[in-house]
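Participant: Shown below is the structure under consideration.
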Amino acid sequence: LAGRVYGRRWLVLLLFSLLGFAQGLVWNTWGPIQNSARLAFGFSGWDIALLVFWGPIGFAPCFFFMWLMDKKGLRVTVLLTSSLMVLGAGLRCVPVSDLEIRKKLIHGGQLLNGLAGPTVMNAAPFLSTTWFSPDERATATAIASLLNYLGAAGAFLVGPLVVPSPNGTSHLLLVSQSNTEHIKDRIEAVLYAEFGMVSLIFSAALAYFPSRPPFPPSVAAASQRLSYRRSFCRLLSNFRFLMIALAYAIPLGVFSGWSGVLDLILTPVHVSQVDAGWIGFWSIVGGCVVGIAMARFADFIRGMLKFILLLLLSGATLASTWFTLTCLTSVTHLPLTTATLYTSCILLGIFLNSSVPIFFELFVETVYPVPEGITCGVVTFLSNVFMGVLLFFLTFYHTEFSWFNWCLPGSCLLSLLLILCFRESYDRLYLDVVVSV
């Protein structure tokens, strides 16, 4: 039984990737323009933190979306997800003059957008198995999973380029009324543009987004999968899966929490908000480019996923150690310059972000025939738990950040050791290569 691939698989991948891009962009709207948003809408520091935190909170119904994907397929899941995003982006645009109501609507909009997170972050391996041949799968997974990160990176550019920062941020009371109105208008323009973009993607998915192709592209895509309940039993009793799940969830959870408050961490070492934004932007963009290149390499040379992960996590351990020691310049006497901070942060982002699709492929290979959506859902849920725990500790210990910086190399090293001890197997690939021959 040879599989069959269709040209329209690229259109399906494009639509799904754009949905992920838009979700990341909307989620990260407020962080890069926080000073302007405080002035225009009267947000407090707590509001800004909560607007970002709605993303991880949106993962609460993660298991419902995994069940939906398993039972009803991609089309129903994608349409439900994109309709939540349209509703969320629309709520943020409702022109109410009362600022308190307006704030509540914006928070509600961010929560609805957060609820789209489980689908855009977990469905990539499911989509690549359903539509793509074995020698394109890792590449498709990388594109579909990394464009969500690229959307978040895009917000670092879009916000500050469109929305002016308040003149003399420290003297908010002195800013004239007309300047406040101008800033508010520019933020409104960003919100309307994002609403338009999300609506357009929803309309396209409604018009054309099939659940699966007429014929499956590979033996693995056509094969019977385990039921929802049996999948969970299989995952939780598989020691090898739990090992590699922790190897993914700990460093990526820590890194997500750390990069979310990068501005806070870099302020004591005199790095401006603009520089912190650029560091965040380039580390994500670099990670996306390297991640897709690595996945393409993995498609050409099959069975090399563990080796690629060892390389990436060794790099991440070195880069994070360099960054942490640089921040302790009074002890280590390492040169603390903008160049060294940029380089170490961007390298760290590249190594960690580009490992995501490689991890996803390895999970699916390790626990096949557990459905892809369920496997990746459990793992991203775990990484959100680690991120939440770290940010929870940060609320108590936020006067000094060296402990927080040390969490990075510690988590990367732990992950590296887990991967070293991990014995890889390629059950899905074996099925495709041997049975299809």
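Identifiers in this document derive from the order of the structure tokens: chains are assigned A, B, ..., residues are numbered from 1 separately in each chain, and ligands are numbered from 1 in order of occurrence.
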Could you give me the residues within stretch 66-290 of chain A that DSSP places in helix (DSSP H, G or I), as a PyMOL selection string?
Facilitator: chain A and resi 66-72+74-91+99-114+117-122+124-131+137-162+172-174+177-207+219-222+228-237+239-260+262-266+273-290
Participant: Give me, as a PyMOL selection string, all polymer residues having an atom no more than 7 Å from stretch 214-218 of chain A, counting only C-alpha atoms and skipping those fewer than 5 positions away in the same chain.
Facilitator: chain A and resi 2-5+130-134+432
Participant: Could the residues in this selection be written to a file with all heavy atoms, as an mmCIF file, in the first residue's frame?
Facilitator:
```
data_model
loop_
_atom_site.group_PDB
_atom_site.id
_atom_site.type_symbol
_atom_site.label_atom_id
_atom_site.label_comp_id
_atom_site.auth_asym_id
_atom_site.auth_seq_id
_atom_site.Cartn_x
_atom_site.Cartn_y
_atom_site.Cartn_z
ATOM 1 N N ALA A 2 1.096 1.798 -1.196
ATOM 2 C CA ALA A 2 1.912 3.018 -1.272
ATOM 3 C C ALA A 2 1.020 4.211 -0.994
ATOM 4 O O ALA A 2 -0.120 4.259 -1.426
ATOM 5 C CB ALA A 2 2.535 3.130 -2.650
ATOM 6 N N GLY A 3 1.525 5.171 -0.238
ATOM 7 C CA GLY A 3 0.735 6.361 0.088
ATOM 8 C C GLY A 3 0.649 7.298 -1.104
ATOM 9 O O GLY A 3 1.373 7.168 -2.093
ATOM 10 N N ARG A 4 -0.252 8.255 -0.983
ATOM 11 C CA ARG A 4 -0.418 9.222 -2.057
ATOM 12 C C ARG A 4 -0.453 10.630 -1.457
ATOM 13 O O ARG A 4 -1.160 10.852 -0.482
ATOM 14 C CB ARG A 4 -1.736 8.926 -2.779
ATOM 15 C CG ARG A 4 -1.942 9.844 -3.949
ATOM 16 C CD ARG A 4 -3.057 9.378 -4.848
ATOM 17 N NE ARG A 4 -3.310 10.470 -5.782
ATOM 18 C CZ ARG A 4 -4.439 10.632 -6.444
ATOM 19 N NH1 ARG A 4 -5.417 9.774 -6.286
ATOM 20 N NH2 ARG A 4 -4.596 11.637 -7.254
ATOM 21 N N VAL A 5 0.339 11.551 -2.022
ATOM 22 C CA VAL A 5 0.305 12.919 -1.505
ATOM 23 C C VAL A 5 -0.358 13.850 -2.511
ATOM 24 O O VAL A 5 -0.313 13.613 -3.718
ATOM 25 C CB VAL A 5 1.732 13.458 -1.168
ATOM 26 C CG1 VAL A 5 2.283 12.757 0.039
ATOM 27 C CG2 VAL A 5 2.671 13.348 -2.342
ATOM 28 N N THR A 130 -1.050 13.318 8.791
ATOM 29 C CA THR A 130 -2.284 13.165 8.006
ATOM 30 C C THR A 130 -2.075 13.523 6.532
ATOM 31 O O THR A 130 -2.676 12.914 5.654
ATOM 32 C CB THR A 130 -3.399 14.060 8.610
ATOM 33 O OG1 THR A 130 -3.512 13.766 9.996
ATOM 34 C CG2 THR A 130 -4.732 13.817 7.946
ATOM 35 N N TRP A 131 -1.226 14.529 6.261
ATOM 36 C CA TRP A 131 -1.124 15.057 4.897
ATOM 37 C C TRP A 131 0.202 14.798 4.181
ATOM 38 O O TRP A 131 0.262 14.859 2.956
ATOM 39 C CB TRP A 131 -1.358 16.581 4.926
ATOM 40 C CG TRP A 131 -2.805 16.935 5.057
ATOM 41 C CD1 TRP A 131 -3.481 17.169 6.210
ATOM 42 C CD2 TRP A 131 -3.776 17.072 4.013
ATOM 43 N NE1 TRP A 131 -4.795 17.457 5.960
ATOM 44 C CE2 TRP A 131 -5.008 17.409 4.613
ATOM 45 C CE3 TRP A 131 -3.710 16.955 2.622
ATOM 46 C CZ2 TRP A 131 -6.168 17.616 3.881
ATOM 47 C CZ3 TRP A 131 -4.866 17.170 1.877
ATOM 48 C CH2 TRP A 131 -6.081 17.493 2.516
ATOM 49 N N PHE A 132 1.292 14.562 4.943
ATOM 50 C CA PHE A 132 2.615 14.550 4.306
ATOM 51 C C PHE A 132 3.258 13.167 4.311
ATOM 52 O O PHE A 132 3.028 12.364 5.207
ATOM 53 C CB PHE A 132 3.547 15.556 5.011
ATOM 54 C CG PHE A 132 3.194 16.987 4.700
ATOM 55 C CD1 PHE A 132 2.171 17.631 5.397
ATOM 56 C CD2 PHE A 132 3.857 17.686 3.706
ATOM 57 C CE1 PHE A 132 1.823 18.937 5.109
ATOM 58 C CE2 PHE A 132 3.516 18.993 3.407
ATOM 59 C CZ PHE A 132 2.495 19.627 4.105
ATOM 60 N N SER A 133 4.100 12.939 3.296
ATOM 61 C CA SER A 133 4.813 11.664 3.186
ATOM 62 C C SER A 133 5.920 11.611 4.249
ATOM 63 O O SER A 133 6.338 12.654 4.766
ATOM 64 C CB SER A 133 5.422 11.536 1.792
ATOM 65 O OG SER A 133 6.386 12.563 1.610
ATOM 66 N N PRO A 134 6.425 10.398 4.573
ATOM 67 C CA PRO A 134 7.432 10.274 5.637
ATOM 68 C C PRO A 134 8.668 11.144 5.438
ATOM 69 O O PRO A 134 9.265 11.587 6.419
ATOM 70 C CB PRO A 134 7.800 8.788 5.586
ATOM 71 C CG PRO A 134 6.586 8.122 5.052
ATOM 72 C CD PRO A 134 5.974 9.087 4.085
ATOM 73 N N ASP A 432 6.388 2.665 8.048
ATOM 74 C CA ASP A 432 6.316 3.280 6.722
ATOM 75 C C ASP A 432 7.350 2.700 5.762
ATOM 76 O O ASP A 432 7.059 2.444 4.594
ATOM 77 C CB ASP A 432 6.516 4.797 6.827
ATOM 78 C CG ASP A 432 5.254 5.492 7.314
ATOM 79 O OD1 ASP A 432 4.172 4.981 7.016
ATOM 80 O OD2 ASP A 432 5.365 6.524 7.999
#
```
Participant: Hey, can you check how far atom CA of A:Arg8 sits from atom CA of A:Leu127?
Facilitator: 12.8 Å
Participant: Excluding A:Trp278 and any residue of its chain fewer than 4 positions from it, enumerate the residues within 10 Å of it, using only C-alpha atoms, and give them as a PyMOL selection string.
Facilitator: chain A and resi 153+156-157+273-274+282-284+342+346
Participant: Would you list the contacts of A:Cys93 as a ChimeraX atom specification, taking every protein, DNA or RNA residue within 7 Å and counting only C-alpha atoms, but skipping same-chain residues closer than 2 positions in sequence?
Facilitator: /A:89-91,95,191-192
Participant: Quick one: write out the picked residues with C-alpha atoms as a PDB file, in the first residue's frame?
Facilitator:
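Saved the output as selection-v7.pdb:
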```
ATOM      1  CA  ALA A  89      -9.867  39.767  18.607  1.00  0.00           C
ATOM      2  CA  GLY A  90     -13.324  41.319  18.116  1.00  0.00           C
ATOM      3  CA  LEU A  91     -13.901  41.828  21.854  1.00  0.00           C
ATOM      4  CA  PRO A  95     -15.392  50.915  21.271  1.00  0.00           C
ATOM      5  CA  LEU A 191      -6.196  45.907  17.364  1.00  0.00           C
ATOM      6  CA  TYR A 192      -8.363  46.472  14.266  1.00  0.00           C
TER       7      TYR A 192
END
```
Participant: Just to confirm, what's the straight-line distance from atom CA of A:Gly286 to atom CA of A:Leu25 in Å (one decimal)?
Facilitator: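 Distance reported for this atom pair: 17.1 Å.
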